[in-house]
file protein-v9.cif (mmCIF, C-alpha atoms and all ligand atoms)
data_input
loop_
_atom_site.label_atom_id
_atom_site.label_comp_id
_atom_site.auth_asym_id
_atom_site.auth_seq_id
_atom_site.Cartn_x
_atom_site.Cartn_y
_atom_site.Cartn_z
CA MET P 27 0.00 0.00 0.00
CA LYS P 28 1.40 3.35 -1.06
CA ILE P 29 1.03 6.09 1.51
CA ASP P 30 -0.42 9.35 0.26
CA ARG P 31 1.67 12.26 1.44
CA THR P 32 -1.19 14.69 2.03
CA ALA P 33 -3.23 12.09 3.89
CA LEU P 34 -0.20 11.21 6.08
CA GLU P 35 0.36 14.87 6.91
CA ARG P 36 -3.32 15.28 7.82
CA ALA P 37 -3.25 12.18 10.04
CA LEU P 38 -0.12 13.45 11.81
CA GLN P 39 -1.73 16.86 12.36
CA ASP P 40 -4.79 15.11 13.81
CA GLY P 41 -2.53 13.32 16.30
CA ALA P 42 -0.47 16.41 17.19
CA GLY P 43 -2.64 17.19 20.21
CA ALA P 44 -2.15 13.70 21.67
CA SER P 45 1.64 13.96 21.25
CA ALA P 46 1.75 17.44 22.81
CA ASP P 47 -0.35 16.14 25.68
CA LEU P 48 1.98 13.19 26.25
CA PHE P 49 5.01 15.52 26.27
CA ALA P 50 3.19 17.74 28.79
CA GLN P 51 2.36 14.77 31.03
CA LEU P 52 5.98 13.57 30.90
CA ARG P 53 7.08 17.05 31.96
CA ALA P 54 4.35 17.64 34.57
CA PRO P 55 6.21 16.75 37.82
CA TRP P 56 8.84 19.40 37.02
CA PRO P 57 6.93 22.52 35.91
CA GLN P 58 10.07 24.58 36.51
CA GLY P 59 13.66 23.71 35.64
CA GLY P 60 14.84 20.36 34.29
CA VAL P 61 13.30 16.89 34.36
CA HIS P 62 14.67 14.13 36.63
CA ARG P 63 13.82 10.81 35.04
CA ASP P 64 16.38 8.84 37.00
CA THR P 65 17.52 5.47 35.63
CA TYR P 66 15.76 2.63 37.50
CA GLY P 67 14.38 5.24 39.90
CA PRO P 68 10.95 6.82 40.41
CA GLY P 69 11.38 9.41 37.63
CA GLU P 70 12.03 6.85 34.89
CA GLN P 71 9.41 4.47 36.33
CA ARG P 72 6.71 7.13 36.19
CA ALA P 73 7.50 7.87 32.53
CA HIS P 74 7.31 4.17 31.65
CA GLU P 75 3.92 3.78 33.35
CA LEU P 76 2.59 6.86 31.60
CA VAL P 77 3.70 5.63 28.17
CA ARG P 78 2.44 2.09 28.88
CA ARG P 79 -1.04 3.44 29.71
CA HIS P 80 -0.97 5.60 26.57
CA GLY P 81 0.01 2.61 24.40
CA GLU P 82 -2.58 0.32 25.97
CA ALA P 83 -5.27 2.98 25.47
CA MET P 84 -4.30 2.92 21.77
CA GLY P 85 -4.94 -0.83 21.81
CA LEU P 86 -1.29 -1.86 21.42
CA GLU P 87 0.00 -5.06 23.00
CA SER P 88 2.24 -4.23 25.92
CA SER P 89 4.96 -6.19 27.65
CA VAL P 90 8.05 -5.49 29.74
CA ASP P 91 11.30 -7.42 29.26
CA PHE P 92 13.62 -8.67 32.02
CA ALA P 93 15.56 -5.38 32.04
CA GLY P 94 12.41 -3.25 32.34
CA ASN P 95 12.23 -2.09 28.71
CA LEU P 96 8.64 -1.39 27.65
CA VAL P 97 7.55 -3.01 24.39
CA LEU P 98 4.34 -1.76 22.70
CA THR P 99 3.39 -3.74 19.63
CA TRP P 100 1.02 -3.12 16.74
CA PRO P 101 0.49 -6.64 15.38
CA GLY P 102 1.16 -7.20 11.69
CA ARG P 103 -0.76 -9.46 9.30
CA ASP P 104 1.90 -12.13 9.69
CA ARG P 105 3.14 -12.38 13.28
CA ALA P 106 6.16 -14.39 12.13
CA ALA P 107 7.28 -11.75 9.59
CA PRO P 108 10.29 -9.50 10.32
CA VAL P 109 9.59 -6.75 12.85
CA TRP P 110 10.26 -3.02 12.70
CA ILE P 111 11.40 -1.62 16.04
CA THR P 112 11.36 2.11 16.73
CA GLY P 113 11.86 3.98 19.97
CA SER P 114 14.39 5.54 22.31
CA HIS P 115 15.05 5.99 26.02
CA LEU P 116 12.76 7.55 28.62
CA ASP P 117 15.32 8.37 31.28
CA SER P 118 17.06 11.76 31.35
CA VAL P 119 20.17 13.30 32.87
CA PRO P 120 19.69 15.23 36.15
CA GLU P 121 18.18 18.66 35.32
CA GLY P 122 17.61 17.31 31.82
CA GLY P 123 15.40 18.33 28.93
CA ASN P 124 11.97 16.83 28.21
CA PHE P 125 12.71 15.82 24.60
CA ASP P 126 16.03 13.94 24.87
CA GLY P 127 14.96 10.31 24.42
CA ALA P 128 11.23 10.85 25.00
CA ALA P 129 10.80 12.41 21.53
CA GLY P 130 11.67 9.06 19.94
CA VAL P 131 9.10 7.16 22.01
CA VAL P 132 6.32 9.71 21.45
CA ALA P 133 7.18 9.78 17.72
CA GLY P 134 6.86 5.99 17.50
CA LEU P 135 3.39 6.12 19.03
CA ALA P 136 2.40 9.09 16.83
CA ALA P 137 3.62 7.29 13.68
CA VAL P 138 1.61 4.17 14.58
CA ALA P 139 -1.50 6.27 15.33
CA ALA P 140 -1.21 8.08 11.97
CA LEU P 141 -0.73 4.84 9.99
CA ARG P 142 -3.70 3.24 11.69
CA GLN P 143 -5.83 6.26 10.82
CA LEU P 144 -4.81 5.69 7.19
CA ALA P 145 -5.97 2.07 7.50
CA PHE P 146 -2.46 0.85 6.72
CA GLU P 147 -1.99 -2.84 7.49
CA PRO P 148 1.58 -3.69 8.46
CA ALA P 149 2.98 -6.90 6.96
CA GLY P 150 4.85 -7.70 10.19
CA ASP P 151 4.69 -6.34 13.73
CA ILE P 152 5.64 -2.74 14.41
CA THR P 153 7.07 -2.31 17.88
CA VAL P 154 7.55 0.92 19.82
CA MET P 155 10.18 0.44 22.49
CA ALA P 156 10.73 2.64 25.56
CA ILE P 157 14.27 1.81 26.59
CA ARG P 158 15.74 1.93 30.11
CA GLY P 159 18.98 3.33 31.35
CA GLU P 160 20.54 5.13 28.38
CA GLU P 161 21.68 7.86 30.77
CA ALA P 162 22.75 5.46 33.54
CA SER P 163 26.22 7.00 33.81
CA SER P 164 24.63 10.25 35.00
CA TRP P 165 22.98 8.55 37.98
CA TYR P 166 25.40 5.73 38.84
CA GLN P 167 29.13 5.41 39.41
CA GLY P 168 31.47 2.44 39.26
CA ASP P 169 32.92 0.19 36.61
CA PHE P 170 30.01 -0.32 34.20
CA HIS P 171 28.88 0.80 30.76
CA SER P 172 25.90 3.04 30.05
CA HIS P 173 22.98 2.18 27.70
CA VAL P 174 22.04 -0.57 30.16
CA GLY P 175 18.51 -1.21 28.85
CA SER P 176 19.35 -1.61 25.18
CA ARG P 177 22.48 -3.66 25.84
CA ALA P 178 20.58 -5.97 28.21
CA ALA P 179 17.76 -6.47 25.69
CA LEU P 180 20.31 -7.29 22.98
CA GLY P 181 22.35 -9.67 25.13
CA LEU P 182 25.33 -7.29 25.26
CA ALA P 183 25.40 -6.61 29.03
CA GLN P 184 26.62 -8.47 32.11
CA GLU P 185 24.95 -9.06 35.46
CA ALA P 186 28.22 -8.23 37.25
CA GLU P 187 28.25 -4.64 35.97
CA LEU P 188 24.77 -4.10 37.45
CA LEU P 189 26.24 -5.04 40.84
CA ARG P 190 29.20 -2.67 40.34
CA ALA P 191 26.98 0.26 39.28
CA ARG P 192 26.19 2.19 42.47
CA ARG P 193 23.58 4.93 42.61
CA ILE P 194 25.39 8.19 43.31
CA SER P 195 22.69 9.44 45.70
CA ASP P 196 22.65 6.47 48.11
CA GLY P 197 25.16 3.81 47.01
CA ARG P 198 22.51 1.16 46.24
CA SER P 199 23.41 -1.12 43.33
CA MET P 200 21.52 -1.00 40.04
CA HIS P 201 20.98 -4.76 40.46
CA GLU P 202 19.16 -4.22 43.76
CA LEU P 203 17.03 -1.39 42.36
CA MET P 204 16.03 -3.46 39.32
CA ARG P 205 14.99 -6.32 41.61
CA ALA P 206 13.02 -3.97 43.82
CA ALA P 207 11.19 -2.72 40.70
CA GLY P 208 10.20 -6.29 39.75
CA MET P 209 12.77 -6.86 36.99
CA GLN P 210 15.09 -9.86 36.59
CA PRO P 211 18.68 -8.54 36.64
CA GLU P 212 19.96 -12.12 37.06
CA GLN P 213 18.86 -12.72 33.45
CA VAL P 214 21.20 -10.01 32.16
CA ARG P 215 24.10 -11.84 30.56
CA PRO P 216 25.98 -11.92 27.25
CA GLY P 217 24.03 -13.83 24.63
CA HIS P 218 20.73 -13.81 26.54
CA ALA P 219 18.56 -11.39 24.58
CA ALA P 220 14.95 -10.20 24.63
CA ILE P 221 15.32 -9.19 20.97
CA ASP P 222 16.29 -11.67 18.26
CA PRO P 223 18.25 -9.72 15.60
CA ALA P 224 17.32 -12.36 13.01
CA ARG P 225 13.63 -11.45 13.46
CA CYS P 226 14.19 -7.68 13.04
CA LYS P 227 13.60 -5.77 9.86
CA GLY P 228 15.41 -2.87 11.42
CA PHE P 229 15.65 -0.40 14.29
CA ILE P 230 14.91 3.29 13.71
CA GLU P 231 15.56 5.79 16.49
CA LEU P 232 14.16 9.29 16.18
CA HIS P 233 16.03 11.70 18.47
CA ILE P 234 16.49 15.43 18.86
CA GLU P 235 19.79 16.70 17.53
CA GLN P 236 21.94 17.62 20.53
CA GLY P 237 24.24 19.95 18.58
CA PRO P 238 23.53 23.11 16.55
CA VAL P 239 23.94 21.81 12.98
CA LEU P 240 20.30 21.53 11.84
CA VAL P 241 19.40 24.91 13.36
CA ASN P 242 22.46 26.41 11.72
CA ARG P 243 21.68 24.87 8.33
CA MET P 244 17.96 25.65 8.67
CA ARG P 245 16.83 22.04 8.11
CA PRO P 246 14.07 20.47 10.22
CA VAL P 247 15.24 16.87 9.79
CA GLY P 248 18.59 15.07 9.72
CA LEU P 249 19.63 11.53 8.80
CA VAL P 250 22.49 10.09 10.80
CA SER P 251 25.38 8.59 8.81
CA ALA P 252 27.22 7.17 11.83
CA ILE P 253 27.50 7.61 15.56
CA ARG P 254 30.96 8.93 16.23
CA GLY P 255 33.39 6.76 18.11
CA SER P 256 35.83 8.30 20.56
CA ALA P 257 39.46 8.11 21.62
CA ARG P 258 40.06 9.54 25.06
CA ALA P 259 43.12 10.20 27.17
CA ARG P 260 41.74 11.04 30.61
CA ARG P 261 44.98 11.64 32.47
CA ALA P 262 47.48 13.23 30.12
CA ARG P 263 50.36 15.07 31.82
CA CYS P 264 53.22 17.31 30.90
CA LEU P 265 56.12 17.26 33.36
CA GLY P 266 58.74 20.01 33.33
CA GLU P 267 60.56 21.72 36.16
CA TYR P 268 59.34 24.36 38.61
CA ALA P 269 61.65 27.39 38.56
CA HIS P 270 61.87 31.06 39.60
CA SER P 271 59.91 33.15 37.11
CA GLY P 272 62.42 35.99 37.20
CA ALA P 273 65.75 34.26 37.56
CA VAL P 274 65.71 31.52 34.89
CA PRO P 275 66.29 32.48 31.24
CA HIS P 276 64.24 31.02 28.39
CA GLU P 277 66.80 28.49 27.18
CA LEU P 278 67.23 26.96 30.64
CA ARG P 279 63.52 26.51 31.39
CA LYS P 280 61.50 23.27 31.29
CA ASP P 281 58.15 25.04 31.09
CA ALA P 282 55.38 22.40 31.26
CA LEU P 283 52.61 24.85 30.45
CA LEU P 284 54.05 26.32 27.27
CA ALA P 285 54.87 22.80 26.04
CA ALA P 286 51.32 21.60 26.73
CA CYS P 287 49.94 24.70 25.01
CA GLU P 288 52.07 23.99 21.95
CA PHE P 289 50.81 20.42 21.93
CA CYS P 290 47.18 21.64 21.95
CA THR P 291 47.81 24.23 19.23
CA ARG P 292 49.50 21.65 16.99
CA MET P 293 46.58 19.26 17.54
CA ASP P 294 44.21 22.07 16.59
CA GLU P 295 46.17 22.57 13.35
CA ALA P 296 46.05 18.82 12.66
CA TRP P 297 42.28 18.98 13.21
CA THR P 298 41.97 21.67 10.54
CA ASP P 299 44.15 19.61 8.17
CA ALA P 300 41.97 16.53 8.75
CA ARG P 301 38.79 18.48 8.04
CA THR P 302 40.32 20.03 4.92
CA ALA P 303 41.06 16.48 3.76
CA GLY P 304 37.35 15.67 4.14
CA LYS P 305 37.66 13.68 7.35
CA ASP P 306 35.13 13.77 10.18
CA LEU P 307 36.75 14.86 13.44
CA VAL P 308 36.18 16.82 16.63
CA PHE P 309 38.90 17.47 19.19
CA THR P 310 38.44 18.78 22.74
CA VAL P 311 40.75 19.48 25.65
CA GLY P 312 38.11 19.75 28.37
CA ARG P 313 40.47 19.82 31.35
CA PHE P 314 43.76 21.72 31.48
CA PHE P 315 45.29 22.81 34.77
CA THR P 316 48.40 23.42 36.85
CA ASP P 317 48.51 22.10 40.44
CA ALA P 318 46.89 24.76 42.61
CA SER P 319 48.71 23.54 45.74
CA VAL P 320 52.10 24.23 44.14
CA HIS P 321 51.67 26.79 41.36
CA SER P 322 52.23 30.50 41.76
CA ILE P 323 52.35 33.67 39.69
CA THR P 324 56.09 33.75 40.28
CA LYS P 325 56.85 30.14 39.29
CA VAL P 326 57.56 28.55 35.93
CA PRO P 327 54.96 25.71 35.89
CA GLY P 328 56.53 22.29 36.44
CA GLU P 329 53.44 20.21 35.76
CA VAL P 330 50.23 20.46 33.70
CA SER P 331 47.43 17.90 33.64
CA PHE P 332 44.94 17.72 30.80
CA SER P 333 42.44 15.51 28.98
CA ILE P 334 41.92 14.71 25.30
CA ASP P 335 38.62 13.74 23.67
CA LEU P 336 38.78 12.88 19.95
CA ARG P 337 35.66 11.78 18.09
CA SER P 338 35.07 10.67 14.52
CA GLN P 339 32.68 8.56 12.51
CA GLU P 340 35.75 6.98 10.85
CA SER P 341 37.73 4.43 12.81
CA SER P 342 40.82 5.14 10.68
CA THR P 343 40.72 8.87 11.54
CA LEU P 344 40.55 8.09 15.27
CA HIS P 345 43.55 5.78 15.10
CA GLU P 346 45.54 8.19 12.89
CA MET P 347 44.92 11.04 15.34
CA CYS P 348 46.00 8.92 18.33
CA ALA P 349 49.25 8.08 16.54
CA LEU P 350 49.77 11.72 15.55
CA ALA P 351 49.17 12.87 19.14
CA GLN P 352 51.78 10.42 20.46
CA ASP P 353 54.26 11.55 17.82
CA LEU P 354 53.68 15.25 18.58
CA ALA P 355 54.06 14.57 22.30
CA ALA P 356 57.43 12.89 21.74
CA ARG P 357 58.77 15.64 19.47
CA ILE P 358 57.64 18.57 21.65
CA SER P 359 58.97 16.80 24.75
CA GLN P 360 62.41 16.48 23.21
CA ARG P 361 62.60 20.04 21.89
CA ARG P 362 61.33 21.67 25.10
CA SER P 363 63.09 19.34 27.59
CA VAL P 364 59.83 18.22 29.17
CA GLN P 365 57.98 14.92 29.29
CA ILE P 366 54.51 14.82 27.75
CA ASP P 367 52.86 11.58 28.82
CA LEU P 368 49.43 11.11 27.23
CA GLY P 369 48.85 7.73 28.85
CA PRO P 370 46.74 5.18 26.99
CA PHE P 371 43.92 6.23 24.64
CA ASN P 372 40.64 4.52 25.44
CA VAL P 373 39.04 3.85 22.05
CA SER P 374 35.34 3.24 21.42
CA GLU P 375 34.74 2.43 17.75
CA PRO P 376 32.16 4.36 15.65
CA ALA P 377 28.79 2.74 14.83
CA VAL P 378 28.01 3.13 11.13
CA MET P 379 24.31 3.25 10.26
CA ASP P 380 22.91 0.74 7.74
CA ALA P 381 23.57 1.96 4.18
CA ALA P 382 20.40 0.45 2.67
CA LEU P 383 18.21 1.88 5.42
CA LEU P 384 19.86 5.29 5.06
CA ASP P 385 19.20 5.12 1.31
CA SER P 386 15.58 4.20 1.94
CA LEU P 387 15.21 7.18 4.31
CA ARG P 388 16.69 9.41 1.60
CA THR P 389 14.04 8.10 -0.80
CA GLY P 390 11.36 8.76 1.85
CA SER P 391 12.71 12.22 2.45
CA ALA P 392 12.40 12.97 -1.29
CA ALA P 393 8.91 11.44 -1.47
CA LEU P 394 7.78 13.70 1.38
CA SER P 395 9.65 16.73 -0.08
CA LEU P 396 11.87 17.00 3.00
CA ASP P 397 15.33 18.33 2.51
CA ALA P 398 16.91 16.05 5.12
CA LEU P 399 20.57 16.70 5.93
CA VAL P 400 22.91 13.71 6.36
CA LEU P 401 25.19 14.25 9.35
CA PRO P 402 27.11 12.24 11.96
CA SER P 403 25.91 12.00 15.54
CA GLY P 404 28.46 13.32 18.01
CA ALA P 405 26.56 11.93 20.98
CA GLY P 406 26.06 8.26 21.81
CA HIS P 407 22.61 6.65 21.41
CA ASP P 408 20.84 3.31 21.96
CA ALA P 409 20.96 2.92 18.16
CA GLN P 410 24.68 2.10 18.33
CA ASP P 411 23.93 -1.01 20.41
CA PHE P 412 21.31 -2.20 17.91
CA ALA P 413 23.83 -1.65 15.10
CA ARG P 414 26.47 -3.62 17.02
CA ALA P 415 23.98 -6.46 17.51
CA GLY P 416 23.78 -6.74 13.72
CA ILE P 417 20.32 -5.16 13.31
CA PRO P 418 19.98 -2.76 10.32
CA THR P 419 19.84 0.55 12.17
CA ALA P 420 19.11 4.18 11.30
CA MET P 421 18.52 7.44 13.14
CA ILE P 422 16.33 10.42 12.28
CA PHE P 423 17.33 13.69 13.94
CA VAL P 424 14.87 16.49 14.69
CA ARG P 425 16.06 20.09 14.72
CA ASN P 426 16.43 21.31 18.31
CA ASP P 427 17.62 24.68 19.54
CA LYS P 428 19.58 25.47 22.73
CA GLY P 429 21.45 22.16 22.95
CA SER P 430 20.49 19.17 25.07
CA HIS P 431 21.03 17.70 28.54
CA ASN P 432 19.59 20.97 29.85
CA PRO P 433 16.06 22.22 30.59
CA ASP P 434 16.06 24.63 27.64
CA GLU P 435 15.89 22.07 24.79
CA ALA P 436 13.63 23.70 22.18
CA MET P 437 12.06 21.34 19.65
CA ASP P 438 9.33 22.81 17.48
CA MET P 439 6.21 20.59 17.31
CA GLN P 440 6.01 21.15 13.55
CA ASP P 441 9.56 19.84 13.12
CA PHE P 442 8.64 16.88 15.31
CA LEU P 443 5.66 16.08 13.05
CA THR P 444 7.78 16.42 9.91
CA ALA P 445 10.37 13.96 11.25
CA THR P 446 7.63 11.64 12.54
CA GLY P 447 6.16 11.62 9.02
CA LEU P 448 9.45 10.27 7.68
CA LEU P 449 9.51 7.63 10.43
CA ALA P 450 5.94 6.60 9.55
CA TRP P 451 6.87 6.42 5.87
CA GLN P 452 9.81 4.11 6.65
CA LEU P 453 7.62 1.84 8.80
CA THR P 454 5.43 1.20 5.73
CA GLN P 455 8.41 -0.09 3.71
ZN ZN S 501 19.21 10.69 24.33
#

call {"tool": "encode", "arguments": {"input": "protein-v9.cif", "output": "structure tokens", "more": "lines below"}}
Ligand SMILES: [Zn+2]
result
Amino acid sequence: MKIDRTALERALQDGAGASADLFAQLRAPWPQGGVHRDTYGPGEQRAHELVRRHGEAMGLESSVDFAGNLVLTWPGRDRAAPVWITGSHLDSVPEGGNFDGAAGVVAGLAAVAALRQLAFEPAGDITVMAIRGEEASSWYQGDFHSHVGSRAALGLAQEAELLRARRISDGRSMHELMRAAGMQPEQVRPGHAAIDPARCKGFIELHIEQGPVLVNRMRPVGLVSAIRGSARARRARCLGEYAHSGAVPHELRKDALLAACEFCTRMDEAWTDARTAGKDLVFTVGRFFTDASVHSITKVPGEVSFSIDLRSQESSTLHEMCALAQDLAARISQRRSVQIDLGPFNVSEPAVMDAALLDSLRTGSAALSLDALVLPSGAGHDAQDFARAGIPTAMIFVRNDKGSHNPDEAMDMQDFLTATGLLAWQLTQ
């Protein structure tokens, strides 16, 4: 069945009130400031119950998997046919925005509602998933990985990390909190999955853009090419020698700060070179400091600590930049008689979105006369776990002003409907 563009737009407009209402209900406990939908805490739980009631009122089948992910299903003609999954997370960071994550869940429900209004009959099931724990690292500390809900559902998580993850506010383990909420954390283990990748047609996550690109380029909708991987050096140091700022001439100094500054400037130049060569790269030194217990206005700095965060959608670019950084550190160290020690780079590989699915979304974008911009995602998302599990995965970005992970996220409802239209179109393919 071919979907008529005008009819789809009308159906989405008809459902706009219901989506706006659901966003308002999600936001309601925090009329001022940011939302607090804490992972495996009362904030996230409330959002899941709200969305479950909304889905059940729509007549969707509802179930909850062992990790607490909510699964709302619109049955297809053939229950054994491959399944489309769409959705995102419902938790937030502390003092977070209402649209980060939730937009993808509300969009899934809105797309299903619009397609039902058009009397579309899906060949296979269409599932809207509200995922747990994408922001877990904002609420828990310890040796564990974030994206707990999606990784657990895909059989990519371990029970032991749930025991190591301790809630920052009271030290209780994530394992204990999941149990208390009626989930089965003991079932979280590698290879034990709630989702069978072989049964999935694909996973599509709609999400607000968390950077300024779509606003800047005046496009309502983006298509994600890849989720950037990262290479991080958390504890880089430059060691020189403390000396009297007046008494020691230039050639006899081992100035740690000027050496570290030169390193950063040279990395910045290499960043420009990489971009000129058409590579995808961002480079950030987020921490850079002398030791306040030792430093002084009258001392040549003997030690500087700093961090490096490199991100790219190309694995080769990440590895090239790590090698270049080590080479620069060695050369500057020798010339300036200091020791720049970057320590090890912790590398997380990029997740490339499915080429066929991206192509299909391009076709949909043209069919709906959207001028969607293809761009990488700088932030991590549940979609990367689905891609790693071997499920064809794509992401649709919605234009969003004023950044994300803050209460000021500004997504226009019209942009949301435009992006939801593309999601609905894809779910009919
Ligand atoms: Zn998010």

call {"tool": "residues_around", "arguments": {"input": "protein-v9.cif", "residues": "P:Ala54", "least_positions_apart": "4", "cutoff": "12 Å", "atoms": "only C-alpha atoms", "output": "list of chain:residue names"}}
result
P:Asp47, P:Leu48, P:Phe49, P:Ala50, P:Gln58, P:Gly59, P:Gly60, P:Val61, P:His62, P:Arg63, P:Gly69, P:Arg72, P:Ala73, P:Leu76, P:Asn124

call {"tool": "atom_distance", "arguments": {"input": "protein-v9.cif", "atom1": "atom CA of P:Leu448", "atom2": "atom CA of P:Pro376"}}
result
24.8 Å

call {"tool": "closest_atom_pairs", "arguments": {"input": "protein-v9.cif", "of": "chain P", "to": "ligand ZN 501 (chain S)", "cutoff": "10 Å", "atoms": "all atoms listed in the file", "output": "CSV"}}
result
residue,atom,partner,partner_atom,distance
P:Ser114,CA,S:ZN501,ZN,7.3
P:His115,CA,S:ZN501,ZN,6.5
P:Leu116,CA,S:ZN501,ZN,8.4
P:Asp117,CA,S:ZN501,ZN,8.3
P:Ser118,CA,S:ZN501,ZN,7.4
P:Val119,CA,S:ZN501,ZN,9.0
P:Gly123,CA,S:ZN501,ZN,9.7
P:Phe125,CA,S:ZN501,ZN,8.3
P:Asp126,CA,S:ZN501,ZN,4.6
P:Gly127,CA,S:ZN501,ZN,4.3
P:Ala128,CA,S:ZN501,ZN,8.0
P:Ala129,CA,S:ZN501,ZN,9.0
P:Gly130,CA,S:ZN501,ZN,8.9
P:Glu160,CA,S:ZN501,ZN,7.0
P:Glu161,CA,S:ZN501,ZN,7.5
P:His173,CA,S:ZN501,ZN,9.9
P:Glu231,CA,S:ZN501,ZN,9.9
P:Leu232,CA,S:ZN501,ZN,9.7
P:His233,CA,S:ZN501,ZN,6.7
P:Ile234,CA,S:ZN501,ZN,7.7
P:Glu235,CA,S:ZN501,ZN,9.1
P:Gln236,CA,S:ZN501,ZN,8.4
P:Ala405,CA,S:ZN501,ZN,8.2
P:Gly406,CA,S:ZN501,ZN,7.7
P:His407,CA,S:ZN501,ZN,6.0
P:Asp408,CA,S:ZN501,ZN,7.9
P:Ser430,CA,S:ZN501,ZN,8.6
P:His431,CA,S:ZN501,ZN,8.4

call {"tool": "residues_around", "arguments": {"input": "protein-v9.cif", "residues": "P:Ala93", "least_positions_apart": "4", "cutoff": "7 Å", "atoms": "all atoms listed in the file", "output": "list of chain:residue names"}}
result
P:Gly175, P:Ala178, P:Ala179, P:Met209, P:Gln210, P:Pro211

call {"tool": "write_last_selection", "arguments": {"input": "protein-v9.cif", "atoms": "C-alpha atoms", "output": "mmCIF file, keeping the file's coordinate frame"}}
result
data_model
loop_
_atom_site.group_PDB
_atom_site.id
_atom_site.type_symbol
_atom_site.label_atom_id
_atom_site.label_comp_id
_atom_site.auth_asym_id
_atom_site.auth_seq_id
_atom_site.Cartn_x
_atom_site.Cartn_y
_atom_site.Cartn_z
ATOM 1 C CA GLY P 175 18.510 -1.210 28.850
ATOM 2 C CA ALA P 178 20.580 -5.970 28.210
ATOM 3 C CA ALA P 179 17.760 -6.470 25.690
ATOM 4 C CA MET P 209 12.770 -6.860 36.990
ATOM 5 C CA GLN P 210 15.090 -9.860 36.590
ATOM 6 C CA PRO P 211 18.680 -8.540 36.640
#

call {"tool": "residues_around", "arguments": {"input": "protein-v9.cif", "residues": "P:Thr324", "least_positions_apart": "4", "cutoff": "9 Å", "atoms": "all atoms listed in the file", "output": "JSON, numbers by chain"}}
result
{"P": [269, 270, 271, 272]}

call {"tool": "closest_residue", "arguments": {"input": "protein-v9.cif", "among": "P:Thr419, P:Thr112, P:Thr316, P:Ser391", "to": "P:Leu98", "atoms": "all atoms listed in the file"}}
result
P:Thr112

call {"tool": "atom_distance", "arguments": {"input": "protein-v9.cif", "atom1": "atom CA of P:Leu135", "atom2": "atom CA of P:Val250"}}
result
21.2 Å

call {"tool": "residues_around", "arguments": {"input": "protein-v9.cif", "residues": "P:Ala409", "least_positions_apart": "2", "cutoff": "9 Å", "atoms": "all atoms listed in the file", "output": "list in words"}}
result
Ser114, Ser176, Phe229, Ile230, Glu231, Ile253, Ala377, Met379, Gly406, His407, Asp411, Phe412, Ala413, Arg414, Thr419, Ala420 and Met421 of chain P

call {"tool": "atom_distance", "arguments": {"input": "protein-v9.cif", "atom1": "atom CA of P:Trp56", "atom2": "atom CA of P:Asp40"}}
result
27.3 Å

call {"tool": "decode", "arguments": {"input": "protein-v9.cif", "residues": "stretch 29-61 of chain P", "atoms": "C-alpha atoms", "output": "PDB file, in the first residue's frame"}}
result
ATOM      1  CA  ILE P  29       1.027   6.095   1.514  1.00  0.00           C
ATOM      2  CA  ASP P  30      -0.418   9.352   0.259  1.00  0.00           C
ATOM      3  CA  ARG P  31       1.674  12.258   1.441  1.00  0.00           C
ATOM      4  CA  THR P  32      -1.189  14.690   2.026  1.00  0.00           C
ATOM      5  CA  ALA P  33      -3.230  12.086   3.893  1.00  0.00           C
ATOM      6  CA  LEU P  34      -0.205  11.206   6.077  1.00  0.00           C
ATOM      7  CA  GLU P  35       0.362  14.873   6.907  1.00  0.00           C
ATOM      8  CA  ARG P  36      -3.321  15.277   7.823  1.00  0.00           C
ATOM      9  CA  ALA P  37      -3.249  12.179  10.042  1.00  0.00           C
ATOM     10  CA  LEU P  38      -0.118  13.446  11.807  1.00  0.00           C
ATOM     11  CA  GLN P  39      -1.727  16.860  12.362  1.00  0.00           C
ATOM     12  CA  ASP P  40      -4.787  15.106  13.808  1.00  0.00           C
ATOM     13  CA  GLY P  41      -2.526  13.322  16.295  1.00  0.00           C
ATOM     14  CA  ALA P  42      -0.473  16.410  17.192  1.00  0.00           C
ATOM     15  CA  GLY P  43      -2.640  17.187  20.209  1.00  0.00           C
ATOM     16  CA  ALA P  44      -2.148  13.704  21.668  1.00  0.00           C
ATOM     17  CA  SER P  45       1.642  13.964  21.252  1.00  0.00           C
ATOM     18  CA  ALA P  46       1.748  17.442  22.810  1.00  0.00           C
ATOM     19  CA  ASP P  47      -0.352  16.144  25.681  1.00  0.00           C
ATOM     20  CA  LEU P  48       1.978  13.185  26.249  1.00  0.00           C
ATOM     21  CA  PHE P  49       5.008  15.516  26.267  1.00  0.00           C
ATOM     22  CA  ALA P  50       3.187  17.741  28.787  1.00  0.00           C
ATOM     23  CA  GLN P  51       2.364  14.772  31.028  1.00  0.00           C
ATOM     24  CA  LEU P  52       5.976  13.571  30.898  1.00  0.00           C
ATOM     25  CA  ARG P  53       7.077  17.053  31.961  1.00  0.00           C
ATOM     26  CA  ALA P  54       4.345  17.638  34.572  1.00  0.00           C
ATOM     27  CA  PRO P  55       6.209  16.752  37.822  1.00  0.00           C
ATOM     28  CA  TRP P  56       8.836  19.404  37.018  1.00  0.00           C
ATOM     29  CA  PRO P  57       6.928  22.524  35.908  1.00  0.00           C
ATOM     30  CA  GLN P  58      10.067  24.578  36.514  1.00  0.00           C
ATOM     31  CA  GLY P  59      13.665  23.707  35.641  1.00  0.00           C
ATOM     32  CA  GLY P  60      14.839  20.363  34.291  1.00  0.00           C
ATOM     33  CA  VAL P  61      13.299  16.894  34.355  1.00  0.00           C
TER      34      VAL P  61
END
